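The next block is run-v7.tsv, given as TSV, C-alpha atoms.
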chain	number	residue	atom	x	y	z
A	1	MET	CA	-14.30	9.00	-27.14
A	2	ILE	CA	-15.56	5.46	-27.88
A	3	VAL	CA	-17.12	6.48	-31.22
A	4	ARG	CA	-13.88	8.22	-32.21
A	5	VAL	CA	-11.91	5.08	-31.31
A	6	GLN	CA	-14.15	2.95	-33.51
A	7	ILE	CA	-13.77	5.32	-36.46
A	8	VAL	CA	-9.97	5.50	-36.10
A	9	ASN	CA	-9.74	1.73	-35.73
A	10	PHE	CA	-11.92	1.19	-38.82
A	11	GLN	CA	-9.64	3.45	-40.86
A	12	PHE	CA	-6.57	1.65	-39.49
A	13	VAL	CA	-7.99	-1.74	-40.51
A	14	LYS	CA	-8.84	-0.51	-44.01
A	15	THR	CA	-5.26	0.69	-44.45
A	16	LEU	CA	-3.82	-2.61	-43.24
A	17	ALA	CA	-6.18	-4.67	-45.38
A	18	LYS	CA	-4.64	-3.17	-48.53
A	19	ASN	CA	-1.26	-4.63	-47.60
A	20	PRO	CA	-0.74	-7.98	-49.40
A	21	THR	CA	0.97	-9.39	-46.29
A	22	PHE	CA	-2.25	-9.09	-44.31
A	23	ALA	CA	-4.32	-10.49	-47.14
A	24	ARG	CA	-2.27	-13.68	-46.83
A	25	ASP	CA	-2.54	-13.75	-43.03
A	26	PRO	CA	-5.91	-12.39	-41.87
A	27	ARG	CA	-5.20	-13.42	-38.25
A	28	LYS	CA	-2.38	-10.91	-38.16
A	29	LEU	CA	-4.73	-8.28	-39.52
A	30	GLN	CA	-7.07	-9.00	-36.61
A	31	TYR	CA	-4.21	-8.95	-34.13
A	32	ASP	CA	-2.96	-5.61	-35.40
A	33	SER	CA	-6.48	-4.18	-35.37
A	34	ASP	CA	-6.89	-5.28	-31.75
A	35	THR	CA	-3.53	-3.74	-30.86
A	36	ASN	CA	-4.66	-0.46	-32.41
A	37	ARG	CA	-7.80	-0.49	-30.26
A	38	LEU	CA	-5.82	-1.41	-27.15
A	39	PHE	CA	-3.40	1.42	-27.85
A	40	LEU	CA	-6.29	3.89	-27.93
A	41	TYR	CA	-8.05	2.49	-24.85
A	42	THR	CA	-5.03	2.07	-22.61
A	43	SER	CA	-3.44	5.37	-23.64
A	44	TYR	CA	-6.67	7.18	-22.86
A	45	ASN	CA	-6.79	5.44	-19.48
A	46	ARG	CA	-3.24	6.47	-18.69
A	47	LEU	CA	-4.11	10.12	-19.30
A	48	GLY	CA	-6.58	9.97	-16.42
A	49	LYS	CA	-9.90	11.70	-15.83
A	50	ASN	CA	-8.41	15.18	-16.02
A	51	ALA	CA	-6.92	14.77	-19.48
A	52	GLU	CA	-6.92	17.76	-21.78
A	53	GLU	CA	-8.71	17.56	-25.11
A	54	ALA	CA	-5.40	18.21	-26.88
A	55	ASP	CA	-3.90	15.10	-25.24
A	56	VAL	CA	-6.80	12.97	-26.45
A	57	GLU	CA	-6.43	14.35	-29.97
A	58	GLU	CA	-2.72	13.53	-29.89
A	59	ILE	CA	-3.44	9.90	-29.00
A	60	ILE	CA	-5.99	9.60	-31.80
A	61	ASP	CA	-3.51	11.14	-34.24
A	62	MET	CA	-0.79	8.70	-33.11
A	63	ALA	CA	-3.15	5.77	-33.53
A	64	SER	CA	-3.58	6.58	-37.20
A	65	LYS	CA	0.09	7.32	-37.92
A	66	ALA	CA	2.35	5.43	-35.50
A	67	LEU	CA	4.07	2.24	-36.58
A	68	PHE	CA	2.39	-0.92	-35.39
A	69	SER	CA	5.54	-1.94	-33.50
A	70	ASP	CA	5.44	1.36	-31.58
A	71	GLN	CA	1.77	0.90	-30.73
A	72	GLU	CA	2.44	-2.65	-29.57
A	73	LYS	CA	5.25	-1.45	-27.30
A	74	LEU	CA	3.14	1.35	-25.84
A	75	VAL	CA	0.28	-1.04	-25.09
A	76	GLN	CA	2.70	-3.18	-23.09
A	77	GLU	CA	3.97	-0.12	-21.23
A	78	ASN	CA	0.44	1.10	-20.48
A	79	VAL	CA	-0.69	-2.29	-19.19
A	80	HIS	CA	2.49	-2.78	-17.19
A	81	SER	CA	1.96	0.60	-15.54
A	82	GLN	CA	-1.52	-0.48	-14.40
A	83	ILE	CA	-0.28	-3.87	-13.21
A	84	LYS	CA	2.48	-2.13	-11.26
A	85	SER	CA	-0.09	0.06	-9.49
A	86	PHE	CA	-2.18	-3.02	-8.71
A	87	CYS	CA	0.86	-4.76	-7.24
A	88	MET	CA	1.61	-1.74	-5.06
A	89	TYR	CA	-1.95	-1.83	-3.72
A	90	MET	CA	-1.61	-5.55	-2.99
A	91	ASP	CA	1.65	-4.93	-1.12
A	92	GLU	CA	-0.09	-2.25	0.91
A	93	ILE	CA	-2.88	-4.70	1.77
A	94	LEU	CA	-0.82	-7.80	2.52
A	95	LEU	CA	2.63	-6.71	3.63
A	96	ASN	CA	3.76	-5.10	6.83
A	97	ILE	CA	5.71	-2.48	4.91
A	98	GLU	CA	7.12	-0.61	7.89
A	99	LYS	CA	8.83	-3.78	9.14
A	100	LYS	CA	10.52	-4.64	5.85
A	101	LYS	CA	14.31	-4.50	6.22
A	102	GLU	CA	16.96	-3.56	3.69
A	103	PRO	CA	18.83	-6.69	2.58
A	104	ASN	CA	22.33	-7.14	3.93
A	105	GLY	CA	25.16	-8.79	2.02
A	106	LEU	CA	24.35	-12.28	3.29
A	107	SER	CA	20.64	-12.09	2.49
A	108	PHE	CA	21.43	-10.71	-0.97
A	109	ALA	CA	23.72	-13.67	-1.61
A	110	THR	CA	21.13	-16.21	-0.52
A	111	ASP	CA	18.47	-14.53	-2.65
A	112	MET	CA	20.51	-15.51	-5.68
A	113	ASP	CA	19.47	-19.08	-4.99
A	114	ASN	CA	16.20	-19.81	-6.79
A	115	SER	CA	15.12	-22.65	-4.54
A	116	PRO	CA	11.55	-22.35	-3.13
A	117	SER	CA	12.84	-22.13	0.44
A	118	ASN	CA	14.42	-18.76	-0.33
A	119	HIS	CA	11.22	-17.19	-1.67
A	120	GLN	CA	9.00	-14.98	0.46
A	121	ASP	CA	6.85	-17.22	2.63
A	122	VAL	CA	3.10	-16.90	3.16
A	123	SER	CA	3.71	-16.40	6.88
A	124	GLU	CA	5.19	-12.98	6.06
A	125	THR	CA	1.84	-11.65	4.82
A	126	ARG	CA	-1.10	-10.43	6.84
A	127	PRO	CA	-3.55	-13.27	7.65
A	128	LEU	CA	-6.40	-11.88	5.55
A	129	ARG	CA	-9.08	-13.94	3.83
A	130	ARG	CA	-9.67	-13.62	0.09
A	131	ALA	CA	-12.88	-11.66	0.68
A	132	GLU	CA	-11.06	-9.17	2.91
A	133	VAL	CA	-8.28	-8.70	0.37
A	134	SER	CA	-10.85	-8.17	-2.39
A	135	GLN	CA	-12.85	-5.57	-0.47
A	136	THR	CA	-9.72	-3.65	0.56
A	137	LEU	CA	-8.54	-3.60	-3.07
A	138	LYS	CA	-11.87	-2.09	-4.07
A	139	ASP	CA	-11.46	0.61	-1.42
A	140	LEU	CA	-8.02	1.48	-2.77
A	141	MET	CA	-8.39	0.97	-6.53
A	142	GLY	CA	-12.10	1.59	-7.05
A	143	TYR	CA	-13.09	-1.89	-8.20
A	144	THR	CA	-12.65	-5.60	-7.64
A	145	LEU	CA	-14.23	-8.75	-9.09
A	146	GLU	CA	-17.04	-11.07	-8.04
A	147	ILE	CA	-18.03	-14.54	-9.23
A	148	LYS	CA	-21.78	-15.11	-9.15
A	149	PRO	CA	-24.57	-16.53	-11.36
A	150	SER	CA	-24.44	-15.02	-14.83
A	151	GLN	CA	-27.23	-12.74	-16.04
A	152	ILE	CA	-27.12	-14.42	-19.46
A	153	SER	CA	-30.31	-16.40	-19.93
A	154	HIS	CA	-29.12	-19.69	-21.47
A	155	LYS	CA	-28.67	-22.57	-19.01
A	156	GLU	CA	-25.01	-23.18	-19.84
A	157	ALA	CA	-23.97	-19.68	-18.77
A	158	GLY	CA	-23.37	-20.84	-15.20
A	159	GLN	CA	-21.17	-18.53	-13.14
A	160	GLY	CA	-20.26	-15.12	-14.52
A	161	LEU	CA	-17.58	-12.51	-13.88
A	162	PHE	CA	-18.78	-9.22	-12.42
A	163	LEU	CA	-17.06	-5.91	-11.81
A	164	ASP	CA	-17.79	-4.64	-8.30
A	165	GLY	CA	-17.19	-0.89	-8.42
A	166	GLU	CA	-16.27	1.44	-11.27
A	167	ALA	CA	-13.54	1.26	-13.92
A	168	GLU	CA	-12.65	3.66	-16.70
A	169	VAL	CA	-12.22	2.69	-20.35
A	170	GLY	CA	-8.85	1.04	-20.94
A	171	ALA	CA	-8.58	-0.35	-17.41
A	172	VAL	CA	-7.02	-3.75	-16.77
A	173	VAL	CA	-9.94	-5.41	-14.98
A	174	ALA	CA	-8.83	-9.06	-14.84
A	175	ILE	CA	-5.84	-11.36	-15.30
A	176	TYR	CA	-6.07	-14.82	-16.89
A	177	PRO	CA	-4.47	-17.21	-14.38
A	178	GLY	CA	-2.95	-20.66	-14.78
A	179	VAL	CA	-0.25	-22.67	-16.52
A	180	ILE	CA	1.26	-21.30	-19.75
A	181	TYR	CA	2.14	-23.76	-22.53
A	182	SER	CA	4.26	-22.69	-25.48
A	183	PRO	CA	3.42	-24.28	-28.87
A	184	ALA	CA	6.31	-26.73	-28.38
A	185	CYS	CA	4.60	-28.03	-25.23
A	186	TYR	CA	1.03	-28.51	-26.47
A	187	ARG	CA	1.29	-32.27	-26.04
A	188	TYR	CA	1.63	-31.77	-22.28
A	189	ILE	CA	-1.71	-29.98	-21.95
A	190	PRO	CA	-3.97	-32.35	-19.97
A	191	GLY	CA	-6.41	-33.97	-22.39
A	192	TYR	CA	-4.40	-33.07	-25.51
A	193	PRO	CA	-5.27	-33.11	-28.41
A	194	THR	CA	-8.97	-32.72	-27.50
A	195	ALA	CA	-8.51	-30.71	-24.30
A	196	HIS	CA	-10.79	-27.91	-25.51
A	197	GLU	CA	-13.73	-30.33	-25.55
A	198	THR	CA	-13.62	-30.93	-21.80
A	199	ASN	CA	-11.79	-27.89	-20.43
A	200	PRO	CA	-13.62	-24.55	-20.87
A	201	HIS	CA	-10.77	-22.65	-19.21
A	202	LEU	CA	-8.22	-22.80	-22.04
A	203	ILE	CA	-7.33	-19.65	-23.95
A	204	THR	CA	-4.81	-19.08	-26.74
A	205	ARG	CA	-2.81	-15.91	-27.28
A	206	TYR	CA	-2.17	-14.71	-30.82
A	207	ASP	CA	1.42	-15.93	-30.58
A	208	GLY	CA	0.21	-19.48	-29.92
A	209	ASN	CA	0.85	-19.68	-26.17
A	210	VAL	CA	-2.00	-21.43	-24.38
A	211	ILE	CA	-3.04	-20.65	-20.80
A	212	ASN	CA	-4.84	-23.35	-18.81
A	213	ALA	CA	-6.77	-21.78	-15.92
A	214	GLN	CA	-8.23	-25.06	-14.69
A	215	PRO	CA	-5.52	-25.60	-12.03
A	216	TRP	CA	-6.20	-22.13	-10.62
A	217	GLY	CA	-9.94	-22.47	-10.16
A	218	LEU	CA	-11.12	-19.85	-7.67
A	219	GLY	CA	-7.68	-19.33	-6.19
A	220	ASP	CA	-7.01	-20.13	-2.54
A	221	GLU	CA	-6.45	-18.56	0.88
A	222	THR	CA	-2.67	-18.78	0.72
A	223	ARG	CA	0.53	-17.48	-0.79
A	224	GLU	CA	2.36	-20.60	-1.96
A	225	VAL	CA	5.01	-22.04	-4.21
A	226	TRP	CA	3.48	-23.08	-7.51
A	227	ASP	CA	5.27	-26.00	-9.16
A	228	ALA	CA	4.46	-29.42	-10.63
A	229	SER	CA	3.48	-30.80	-7.21
A	230	THR	CA	1.11	-27.89	-6.59
A	231	VAL	CA	-0.58	-28.32	-9.95
A	232	SER	CA	-1.02	-32.06	-9.35
A	233	LYS	CA	-2.93	-31.32	-6.12
A	234	VAL	CA	-5.89	-30.10	-8.14
A	235	GLY	CA	-6.16	-33.32	-10.11
A	236	ILE	CA	-4.26	-32.34	-13.25
A	237	ASN	CA	-2.63	-35.35	-14.83
A	238	ILE	CA	0.78	-34.64	-16.36
A	239	GLN	CA	1.33	-36.42	-19.68
A	240	GLY	CA	4.57	-37.31	-21.39
A	241	ASP	CA	8.00	-37.63	-19.82
A	242	GLU	CA	7.61	-36.34	-16.25
A	243	LYS	CA	11.38	-35.87	-15.97
A	244	GLN	CA	11.07	-33.03	-18.46
A	245	VAL	CA	8.29	-31.26	-16.55
A	246	ASN	CA	9.21	-27.96	-14.96
A	247	TYR	CA	6.79	-25.29	-13.74
A	248	GLY	CA	9.47	-23.31	-11.95
A	249	SER	CA	9.16	-22.63	-8.24
A	250	ASP	CA	7.82	-19.11	-7.92
A	251	VAL	CA	5.72	-18.02	-4.98
A	252	ILE	CA	2.27	-16.94	-6.18
A	253	GLU	CA	-0.35	-14.98	-4.23
A	254	ARG	CA	-3.47	-17.13	-4.51
A	255	ARG	CA	-5.71	-14.47	-2.91
A	256	ASN	CA	-5.37	-12.36	-6.06
A	257	PRO	CA	-8.71	-10.50	-6.52
A	258	LEU	CA	-8.18	-9.97	-10.27
A	259	ALA	CA	-7.23	-13.55	-11.20
A	260	PHE	CA	-10.67	-14.54	-12.49
A	261	ALA	CA	-10.59	-13.70	-16.21
A	262	HIS	CA	-11.49	-17.32	-17.02
A	263	TYR	CA	-15.02	-16.74	-15.68
A	264	ALA	CA	-15.94	-14.08	-18.25
A	265	ASN	CA	-18.87	-15.17	-20.44
A	266	HIS	CA	-19.64	-14.54	-24.10
A	267	PRO	CA	-22.44	-11.95	-24.51
A	268	ALA	CA	-25.99	-12.89	-25.42
A	269	LYS	CA	-27.37	-12.11	-28.86
A	270	GLY	CA	-27.63	-8.37	-29.44
A	271	VAL	CA	-25.41	-7.48	-26.46
A	272	ALA	CA	-22.02	-5.89	-27.05
A	273	PRO	CA	-18.92	-7.13	-25.21
A	274	ASN	CA	-17.43	-4.65	-22.73
A	275	ILE	CA	-13.92	-6.12	-22.40
A	276	MET	CA	-11.27	-7.48	-24.76
A	277	VAL	CA	-8.21	-9.68	-24.39
A	278	CYS	CA	-4.76	-8.16	-24.31
A	279	PRO	CA	-1.48	-10.12	-24.42
A	280	TYR	CA	0.74	-9.05	-21.55
A	281	ASP	CA	4.43	-9.91	-21.54
A	282	PHE	CA	5.45	-9.69	-17.90
A	283	PRO	CA	9.21	-9.04	-17.45
A	284	LEU	CA	10.48	-11.55	-14.90
A	285	THR	CA	13.14	-9.07	-13.81
A	286	ASP	CA	10.41	-7.22	-11.86
A	287	LYS	CA	10.75	-9.61	-8.93
A	288	ASP	CA	8.69	-7.52	-6.49
A	289	MET	CA	5.67	-7.85	-8.77
A	290	ARG	CA	6.10	-11.54	-9.65
A	291	VAL	CA	4.03	-12.86	-6.73
A	292	TYR	CA	0.90	-11.11	-8.10
A	293	ILE	CA	1.14	-12.52	-11.64
A	294	PRO	CA	-1.01	-15.68	-11.32
A	295	ASN	CA	0.83	-17.78	-13.90
A	296	VAL	CA	3.59	-20.34	-14.17
A	297	ALA	CA	5.26	-21.41	-17.40
A	298	PHE	CA	5.41	-25.07	-18.35
A	299	ARG	CA	9.11	-26.01	-18.62
A	300	ASN	CA	11.86	-23.52	-18.01
A	301	LEU	CA	11.98	-20.16	-19.72
A	302	GLU	CA	15.09	-20.91	-21.78
A	303	ASP	CA	13.38	-23.94	-23.31
A	304	SER	CA	10.29	-21.88	-24.08
A	305	LYS	CA	12.37	-19.18	-25.76
A	306	LEU	CA	14.13	-21.68	-27.98
A	307	LYS	CA	11.21	-23.90	-28.96
A	308	GLY	CA	8.02	-21.97	-28.39
A	309	LEU	CA	8.22	-18.54	-29.95
A	310	GLY	CA	4.90	-19.03	-31.70
A	311	SER	CA	3.95	-18.64	-35.34
A	312	SER	CA	6.24	-17.44	-38.11
A	313	TRP	CA	5.04	-13.86	-37.88
A	314	PHE	CA	5.27	-13.40	-34.11
A	315	LYS	CA	8.87	-13.58	-32.87
A	316	ASN	CA	8.87	-11.40	-29.75
A	317	GLY	CA	10.49	-13.86	-27.37
A	318	SER	CA	11.90	-11.19	-25.12
A	319	PHE	CA	11.58	-7.55	-24.25
A	320	ARG	CA	14.53	-5.48	-25.36
A	321	ASN	CA	15.60	-2.92	-22.82
A	322	ALA	CA	18.76	-0.90	-23.45
A	323	GLY	CA	20.06	-3.62	-25.76
A	324	SER	CA	19.53	-6.49	-23.32
A	325	GLU	CA	17.03	-9.33	-23.45
A	326	VAL	CA	14.62	-9.72	-20.56
A	327	PRO	CA	12.87	-13.09	-19.97
A	328	LEU	CA	9.10	-12.80	-20.25
A	329	LEU	CA	6.07	-14.57	-18.88
A	330	LYS	CA	3.49	-14.71	-21.69
A	331	ALA	CA	0.38	-13.71	-19.77
A	332	LEU	CA	-3.04	-12.32	-20.75
A	333	VAL	CA	-5.27	-9.62	-19.25
A	334	LEU	CA	-8.76	-8.27	-19.93
A	335	VAL	CA	-9.14	-4.57	-20.73
A	336	SER	CA	-12.38	-2.58	-20.54
A	337	THR	CA	-13.64	-1.15	-23.83
A	338	ARG	CA	-15.87	1.43	-22.13
A	339	ALA	CA	-16.51	2.83	-18.66
A	340	LEU	CA	-17.91	0.09	-16.39
A	341	CYS	CA	-20.01	0.22	-13.24
A	342	ASN	CA	-21.22	-2.78	-11.20
A	343	GLU	CA	-21.94	-5.04	-14.16
A	344	GLU	CA	-21.14	-8.39	-15.72
A	345	LEU	CA	-17.99	-8.53	-17.83
A	346	LEU	CA	-18.61	-9.94	-21.31
A	347	LEU	CA	-15.92	-11.13	-23.70
A	348	ASN	CA	-16.25	-11.92	-27.40
A	349	TYR	CA	-15.07	-15.56	-27.60
A	350	ARG	CA	-14.53	-15.34	-31.38
A	351	TRP	CA	-15.03	-19.03	-31.90
A	352	SER	CA	-14.08	-20.04	-35.41
A	353	HIS	CA	-16.85	-21.26	-37.69
A	354	LEU	CA	-14.65	-24.33	-38.20
A	355	GLU	CA	-15.03	-25.26	-34.52
A	356	HIS	CA	-18.05	-26.92	-33.00
A	357	GLN	CA	-20.22	-24.07	-31.76
A	358	PRO	CA	-22.82	-24.66	-29.04
A	359	GLU	CA	-26.42	-23.67	-29.73
A	360	TRP	CA	-26.22	-20.65	-27.44
A	361	TYR	CA	-23.24	-19.11	-29.26
A	362	THR	CA	-24.02	-16.07	-31.41
A	363	PRO	CA	-21.13	-14.33	-33.21
A	364	VAL	CA	-20.56	-10.71	-32.27
A	365	ASP	CA	-18.83	-10.21	-35.62
A	366	GLU	CA	-19.00	-13.12	-38.07
A	367	GLU	CA	-16.08	-11.78	-40.11
A	368	GLU	CA	-13.85	-11.78	-37.03
A	369	ASP	CA	-14.80	-15.38	-36.27
A	370	THR	CA	-13.82	-16.53	-39.75
A	371	ILE	CA	-10.23	-15.31	-39.30
A	372	ARG	CA	-9.79	-16.44	-35.70

Please re-express this file's structure in structure tokens.
Amino acid sequence: MIVRVQIVNFQFVKTLAKNPTFARDPRKLQYDSDTNRLFLYTSYNRLGKNAEEADVEEIIDMASKALFSDQEKLVQENVHSQIKSFCMYMDEILLNIEKKKEPNGLSFATDMDNSPSNHQDVSETRPLRRAEVSQTLKDLMGYTLEIKPSQISHKEAGQGLFLDGEAEVGAVVAIYPGVIYSPACYRYIPGYPTAHETNPHLITRYDGNVINAQPWGLGDETREVWDASTVSKVGINIQGDEKQVNYGSDVIERRNPLAFAHYANHPAKGVAPNIMVCPYDFPLTDKDMRVYIPNVAFRNLEDSKLKGLGSSWFKNGSFRNAGSEVPLLKALVLVSTRALCNEELLLNYRWSHLEHQPEWYTPVDEEEDTIR
């Protein structure tokens, strides 16, 4: 399967490269190539272990013929399906499901108020420690994550991200947590404009949205409201006009076992990465799942839609469903590129040759780095 994916993806890239649009914007070529790979991986994962050979052939055929926009949409659907399953497992672990009551008219009315006091409180969850939640997730889903010393030899490797258990190709194995900054809000990133020099936990999506995982760290033992005051507790200095700062007031589950994508290391020389990044546009209308998406957006969503839609070629500010626009949280997940079993997760950082590269950094693909 993996060899076939590589061949199909290579043919897809060759076809795109002939288009003059992509010649002018090689980053979009890379983005579309990645989307093609993600379509293959996540579609294969969705088929399951008992997939028929004909189903696999159909996916491969679609990957070479389907419009890019269709592939992009299907990737989002495939990832969302996995995230939904993960959220259901987390509910099973943390919530006393049998005691949940149907909302009456009064409670429904009060739920329309978005103030933090009306969100689900941490006291409503089972009093489990992070380690207990993580182990139970592994029992239900087949894998969880561990943070421990990296197996990469250079001294700057530090802590690494490890899969504990087994995951199939195309599985969502980690979520990148933290504060999301649209391009219009870059100046509010702590340490801007040289934040990348001191903060190793910044990552940029292809549409220009930046996620800062530094405030998240290793998570916590609580389910809490994440807002500007919460972020400031971890020593993040807010720059600019504080009156304009708005992180929202969503309750976030800080015991999230998959919210450790920021600990994935770049592979050593000669070692292939086994995961890849995947933009994930979480629809905020799925309120039951919101608590397990470990991100908050800087400023309100309306402001982000108007001012931070990204570069000129990426304009997907909302998900269209039956003609309506759904507000999105511009998140990021890590997807496995092969079957994994009790091993360190390695991500190609794709640092541009124009950036300062540390001595230990070895490009996985030099051509990819030049167009990053």

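Restricting the calculation to only C-alpha atoms, the smallest distance between Met90 in chain A and any of A:Tyr292, A:Tyr41, A:Tyr349, A:Tyr186 is found for A:Tyr292.
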
request  = Determine the nearest neighbour of Glu325 in chain A from the options A:Ala66, A:Ala171, A:Leu202, A:Leu284, counting all atoms listed in the file.
outcome  = A:Leu284

Among the residues A:Tyr44, A:Tyr188, A:Tyr280, A:Tyr89, the one that comes closest to Leu140 in chain A [using all atoms listed in the file] = A:Tyr89

ask   = So how far away is CA of Ala157 in chain A from CA of Ala213 in chain A, in Å?
value =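 Taking CA of Ala213 in chain A as the start and CA of Ala157 in chain A as the end point, the length is 17.6 Å.
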
Å distance separating CA of Asp365 in chain A from CA of Glu57 in chain A, one decimal place =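 That distance, rounded to one decimal, is 28.1 Å.
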
ask   = Nearest to Asn342 in chain A: which of A:Ser182, A:Asn78, A:Thr222, A:Thr144 is it, counting all atoms listed in the file?
value = A:Thr144

Sel. within 6 Å of pt (-3.7, -2.6, -23.3), counting all atoms listed in the file, output as a list in words =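 Result, sorted by chain then residue number: Leu38, Thr42, Val75, Val79 and Cys278 of chain A.
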
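Counting all atoms listed in the file, the residue from A:Pro257, A:Pro193, A:Pro327, A:Pro183 that sits nearest to Gly219 in chain A is A:Pro257.
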
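Our summary of the geometry notes that CA of Glu52 in chain A is positioned 17.8 Å from CA of Phe39 in chain A.
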
key: Minimum-distance residue to Arg350 in chain A, chosen among A:Ala261, A:Ile252, A:Ile147, A:Ile203 (using all atoms listed in the file)   =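 Comparing A:Ala261, A:Ile252, A:Ile147, A:Ile203 against Arg350 in chain A, the winner is A:Ile203.
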
inquiry  = With 12 Å as the threshold, what does the neighbourhood of (-4.1, -4.5, -23.3) contain in terms of residues, counting all atoms listed in the file? Coordinates are those of the file; answer as JSON, numbers by chain.
reply    = {"A": [31, 34, 35, 36, 37, 38, 39, 40, 41, 42, 43, 44, 45, 46, 71, 72, 73, 74, 75, 76, 77, 78, 79, 80, 81, 82, 83, 169, 170, 171, 172, 173, 174, 175, 275, 276, 277, 278, 279, 280, 281, 331, 332, 333, 334, 335, 336, 337]}

Can I get the selected residues back with C-alpha atoms, as a PDB file, in the frame of the given file?
ATOM      1  CA  TYR A  31      -4.210  -8.950 -34.130  1.00  0.00           C
ATOM      2  CA  ASP A  34      -6.890  -5.280 -31.750  1.00  0.00           C
ATOM      3  CA  THR A  35      -3.530  -3.740 -30.860  1.00  0.00           C
ATOM      4  CA  ASN A  36      -4.660  -0.460 -32.410  1.00  0.00           C
ATOM      5  CA  ARG A  37      -7.800  -0.490 -30.260  1.00  0.00           C
ATOM      6  CA  LEU A  38      -5.820  -1.410 -27.150  1.00  0.00           C
ATOM      7  CA  PHE A  39      -3.400   1.420 -27.850  1.00  0.00           C
ATOM      8  CA  LEU A  40      -6.290   3.890 -27.930  1.00  0.00           C
ATOM      9  CA  TYR A  41      -8.050   2.490 -24.850  1.00  0.00           C
ATOM     10  CA  THR A  42      -5.030   2.070 -22.610  1.00  0.00           C
ATOM     11  CA  SER A  43      -3.440   5.370 -23.640  1.00  0.00           C
ATOM     12  CA  TYR A  44      -6.670   7.180 -22.860  1.00  0.00           C
ATOM     13  CA  ASN A  45      -6.790   5.440 -19.480  1.00  0.00           C
ATOM     14  CA  ARG A  46      -3.240   6.470 -18.690  1.00  0.00           C
ATOM     15  CA  GLN A  71       1.770   0.900 -30.730  1.00  0.00           C
ATOM     16  CA  GLU A  72       2.440  -2.650 -29.570  1.00  0.00           C
ATOM     17  CA  LYS A  73       5.250  -1.450 -27.300  1.00  0.00           C
ATOM     18  CA  LEU A  74       3.140   1.350 -25.840  1.00  0.00           C
ATOM     19  CA  VAL A  75       0.280  -1.040 -25.090  1.00  0.00           C
ATOM     20  CA  GLN A  76       2.700  -3.180 -23.090  1.00  0.00           C
ATOM     21  CA  GLU A  77       3.970  -0.120 -21.230  1.00  0.00           C
ATOM     22  CA  ASN A  78       0.440   1.100 -20.480  1.00  0.00           C
ATOM     23  CA  VAL A  79      -0.690  -2.290 -19.190  1.00  0.00           C
ATOM     24  CA  HIS A  80       2.490  -2.780 -17.190  1.00  0.00           C
ATOM     25  CA  SER A  81       1.960   0.600 -15.540  1.00  0.00           C
ATOM     26  CA  GLN A  82      -1.520  -0.480 -14.400  1.00  0.00           C
ATOM     27  CA  ILE A  83      -0.280  -3.870 -13.210  1.00  0.00           C
ATOM     28  CA  VAL A 169     -12.220   2.690 -20.350  1.00  0.00           C
ATOM     29  CA  GLY A 170      -8.850   1.040 -20.940  1.00  0.00           C
ATOM     30  CA  ALA A 171      -8.580  -0.350 -17.410  1.00  0.00           C
ATOM     31  CA  VAL A 172      -7.020  -3.750 -16.770  1.00  0.00           C
ATOM     32  CA  VAL A 173      -9.940  -5.410 -14.980  1.00  0.00           C
ATOM     33  CA  ALA A 174      -8.830  -9.060 -14.840  1.00  0.00           C
ATOM     34  CA  ILE A 175      -5.840 -11.360 -15.300  1.00  0.00           C
ATOM     35  CA  ILE A 275     -13.920  -6.120 -22.400  1.00  0.00           C
ATOM     36  CA  MET A 276     -11.270  -7.480 -24.760  1.00  0.00           C
ATOM     37  CA  VAL A 277      -8.210  -9.680 -24.390  1.00  0.00           C
ATOM     38  CA  CYS A 278      -4.760  -8.160 -24.310  1.00  0.00           C
ATOM     39  CA  PRO A 279      -1.480 -10.120 -24.420  1.00  0.00           C
ATOM     40  CA  TYR A 280       0.740  -9.050 -21.550  1.00  0.00           C
ATOM     41  CA  ASP A 281       4.430  -9.910 -21.540  1.00  0.00           C
ATOM     42  CA  ALA A 331       0.380 -13.710 -19.770  1.00  0.00           C
ATOM     43  CA  LEU A 332      -3.040 -12.320 -20.750  1.00  0.00           C
ATOM     44  CA  VAL A 333      -5.270  -9.620 -19.250  1.00  0.00           C
ATOM     45  CA  LEU A 334      -8.760  -8.270 -19.930  1.00  0.00           C
ATOM     46  CA  VAL A 335      -9.140  -4.570 -20.730  1.00  0.00           C
ATOM     47  CA  SER A 336     -12.380  -2.580 -20.540  1.00  0.00           C
ATOM     48  CA  THR A 337     -13.640  -1.150 -23.830  1.00  0.00           C
TER      49      THR A 337
END

request  = Quick one: everything within 10 Å of His266 in chain A, counting only C-alpha atoms, minus sequence neighbours fewer than 4 positions away in the same chain. Send it as a list of chain:residue names.
outcome  = A:Ile152, A:Ala157, A:Gly160, A:Val271, A:Ala272, A:Pro273, A:Leu345, A:Leu346, A:Leu347, A:Asn348, A:Tyr349, A:Arg350, A:Trp360, A:Tyr361, A:Thr362, A:Pro363, A:Val364

task = Please identify all polymer residues within 9 Å of Glu344 in chain A, counting all atoms listed in the file, omitting same-chain residues fewer than 5 positions from it, and present them as a VMD selection string.
result = chain A and resid 150 to 151 160 to 164 264 to 265 274

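Shell of Leu137 in chain A at 10 Å, with all atoms listed in the file counted and residues fewer than 5 places along the chain excluded, is A:Phe86, A:Tyr89, A:Met90, A:Glu92, A:Ile93, A:Ala131, A:Glu132, A:Gly142, A:Tyr143, A:Thr144, A:Leu145, A:Asn256, A:Pro257, A:Leu258.
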
message = Which residues are near Asp288 in chain A? Cut-off 10 Å, all atoms listed in the file, ignore same chain within fewer than 5 positions. Put them as a list in words.
response =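 Here the answer would be Lys84, Cys87, Met88 and Asp91 of chain A.
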